[in-house]
Amino acid sequence: MGKRSIWGKRVSGAFSLAALLALLAAAPVMAQEMPGQDQPRNQWVDMEKGPGVAYWVDENGVRTDGPGMMQEEDRQPEAPAPQENGRLEEQPAEVNDQQEEAVPLEQEQPAEDSGRQEEAAQSAVDSEDPAAVQENVSQPDAGRVIDPDRPMVALTFDDGPFAPVGNQIMDCLAQYGGKATFYVVGDRCPSYRTEMQRMAAEGHEIGNHTYEHKYLNKLDAAQIQYQINKGSQIIQEVSGVTPATVRLPGGNKNATVLANVHAPIIMWSVDTLDWKTKNTQSTVDKVLGNVKDGDIILMHELYRQTGDAAVQMIPKLVERGYQLVTVSEMAKYRGGLENGKVYSAFRP
């Protein structure tokens, strides 16, 4: 005689056991496919795994790049490149003592901040005459004078663009007559055209931080060249300028990287660790307590605390007599740049 199953039907004992085992085996998959109350909402996922891994899940359970940012399906997709051209699956982060992180804004960044992003102005940018944009970004800063005999420092911001923070930094630099270098990730640039074109128009340097923020020391020669060349191409298309320098994700390099990055490679001499502390005062103290003439200072455009720290440190650096210059400006007066060479500072 059969037994009653969990569905109330009379089945054999063998069938009942098999059905129960199948149900238990399918449970993890079902849990993944059927969002429940315990599924992530309005929070970052996998932040601890590092650059290129963390992602934001909105209130509808949809994965995006960050709070208030466009979903992937809202963007104009890039045609996938074949494997031989260098595209790889995302590499997990491996942090070392010299490595920068590229995780996005922390969880407390509210979605309402999206009102500060340039997505609202995107349609206006897209309607601009490209020739007019190019003419605009090509105008020199007529009032800018750099004294090679005075101390100078290069503030650099990685992993953007991200307009809420980038515009805050540029607002303050405009007030104090300074310029910065933004090492941007190519596949983020189309989402922030207005900010990118402002960088170029106001004389900030736009550097290449690769197309997808992949660790180049894990790639072969063709893949390295793809990440660099594609990043440069996208930056030029969005901003109208071609990057002159490269910053390696994580600062990771080996002989293959050095042989295949045909541009000056810019490291840093002061690492604020802003990605780790996410603390405004800690970032300010790290800079003001260690800065010297010729320093390249590493920060990240993705954090509100970094933007707040920049607003505090910029006037103090100017008060101390530092000229806030781009990497290429400082290099011009301190020995120049050569393709394939690595630079951490430009001392007098």
# chains A, B, ... in the order shown; residues from 1 in each chain; ligands from 1

call {"tool": "residues_around", "arguments": {"residues": "Cys189 of chain A", "least_positions_apart": "4", "cutoff": "8 Å", "atoms": "only C-alpha atoms", "output": "PDB file with C-alpha atoms, in the first residue's frame"}}
result
ATOM      1  CA  GLY A 160      35.610  57.115 -12.666  1.00  0.00           C
ATOM      2  CA  PRO A 161      33.983  58.819 -14.243  1.00  0.00           C
ATOM      3  CA  VAL A 184      38.918  56.762 -16.117  1.00  0.00           C
ATOM      4  CA  VAL A 185      37.678  53.283 -17.018  1.00  0.00           C
ATOM      5  CA  ARG A 193      29.543  62.248 -21.355  1.00  0.00           C
ATOM      6  CA  MET A 196      33.976  63.822 -19.382  1.00  0.00           C
ATOM      7  CA  ILE A 234      36.268  55.254 -25.933  1.00  0.00           C
ATOM      8  CA  ILE A 235      37.837  58.176 -24.060  1.00  0.00           C
ATOM      9  CA  VAL A 238      33.373  60.623 -25.480  1.00  0.00           C
TER      10      VAL A 238
END

call {"tool": "residues_around", "arguments": {"residues": "Trp268 of chain A", "least_positions_apart": "2", "cutoff": "10 Å", "atoms": "only C-alpha atoms", "output": "VMD selection string"}}
result
chain A and resid 98 154 to 156 247 251 266 270 to 271 295 to 299 342 to 346

call {"tool": "residues_around", "arguments": {"residues": "Phe162 of chain A", "least_positions_apart": "4", "cutoff": "9 Å", "atoms": "only C-alpha atoms", "output": "compact mmCIF listing (two decimals) with C-alpha atoms, in the first residue's frame"}}
result
# COMPACT_ATOMS: atom_id res chain seq x y z
CA GLN A 117 24.53 62.92 -12.17
CA GLY A 166 33.97 64.35 -10.16
CA ASN A 167 31.99 67.57 -10.50
CA ARG A 188 32.06 53.77 -17.79
CA CYS A 189 32.67 56.79 -20.00
CA SER A 191 27.36 56.95 -19.16
CA TYR A 192 29.06 60.24 -18.16
CA GLU A 195 31.33 65.11 -16.98
CA GLU A 301 36.59 59.39 -7.86
CA LEU A 302 33.94 56.93 -6.69
CA TYR A 303 33.58 57.98 -3.06

call {"tool": "select_by_dssp", "arguments": {"residues": "segment 224-306 of chain A", "states": "strand (DSSP E or B)", "output": "PDB file with C-alpha atoms, in the first residue's frame"}}
result
ATOM      1  CA  VAL A 246      48.102  55.041 -18.524  1.00  0.00           C
ATOM      2  CA  ILE A 265      52.787  54.353 -17.025  1.00  0.00           C
ATOM      3  CA  ILE A 266      51.894  56.495 -14.022  1.00  0.00           C
ATOM      4  CA  VAL A 270      51.198  58.934  -1.861  1.00  0.00           C
ATOM      5  CA  ASP A 271      48.475  56.298  -1.527  1.00  0.00           C
ATOM      6  CA  ASP A 295      54.262  63.898  -5.526  1.00  0.00           C
ATOM      7  CA  ILE A 296      51.589  61.989  -7.427  1.00  0.00           C
ATOM      8  CA  ILE A 297      48.685  61.421  -5.060  1.00  0.00           C
ATOM      9  CA  LEU A 298      46.360  58.455  -5.549  1.00  0.00           C
ATOM     10  CA  MET A 299      42.654  58.850  -4.800  1.00  0.00           C
ATOM     11  CA  HIS A 300      39.432  57.480  -6.274  1.00  0.00           C
TER      12      HIS A 300
END

call {"tool": "residues_around", "arguments": {"residues": "segment 204-220 of chain A", "least_positions_apart": "2", "cutoff": "6 Å", "atoms": "only C-alpha atoms", "output": "number ranges by chain"}}
result
A: 179-187, 199-200, 202, 222-224, 227-228, 230-231, 243, 245-247, 249, 252-254, 326

call {"tool": "decode", "arguments": {"residues": "segment 279-291 of chain A", "atoms": "N, CA and C atoms", "output": "compact mmCIF listing (two decimals), in the first residue's frame"}}
result
# COMPACT_ATOMS: atom_id res chain seq x y z
N ASN A 279 36.96 57.47 4.66
CA ASN A 279 36.92 58.43 5.76
C ASN A 279 37.55 59.73 5.28
N THR A 280 36.78 60.80 5.32
CA THR A 280 37.24 62.08 4.80
C THR A 280 38.49 62.56 5.50
N GLN A 281 38.48 62.57 6.82
CA GLN A 281 39.61 63.12 7.56
C GLN A 281 40.86 62.28 7.38
N SER A 282 40.70 60.97 7.30
CA SER A 282 41.86 60.11 7.08
C SER A 282 42.53 60.42 5.74
N THR A 283 41.73 60.66 4.72
CA THR A 283 42.29 60.99 3.41
C THR A 283 42.99 62.34 3.43
N VAL A 284 42.38 63.32 4.08
CA VAL A 284 43.00 64.64 4.21
C VAL A 284 44.32 64.54 4.94
N ASP A 285 44.33 63.82 6.07
CA ASP A 285 45.55 63.70 6.87
C ASP A 285 46.65 62.97 6.11
N LYS A 286 46.28 61.97 5.34
CA LYS A 286 47.28 61.21 4.59
C LYS A 286 47.99 62.10 3.59
N VAL A 287 47.23 63.00 2.96
CA VAL A 287 47.84 63.90 1.97
C VAL A 287 48.64 64.99 2.66
N LEU A 288 48.00 65.73 3.53
CA LEU A 288 48.66 66.89 4.14
C LEU A 288 49.82 66.49 5.05
N GLY A 289 49.78 65.26 5.58
CA GLY A 289 50.85 64.81 6.45
C GLY A 289 52.05 64.23 5.73
N ASN A 290 51.92 64.00 4.41
CA ASN A 290 53.00 63.34 3.68
C ASN A 290 53.43 64.04 2.40
N VAL A 291 52.70 65.04 1.96
CA VAL A 291 52.93 65.61 0.64
C VAL A 291 54.29 66.30 0.53
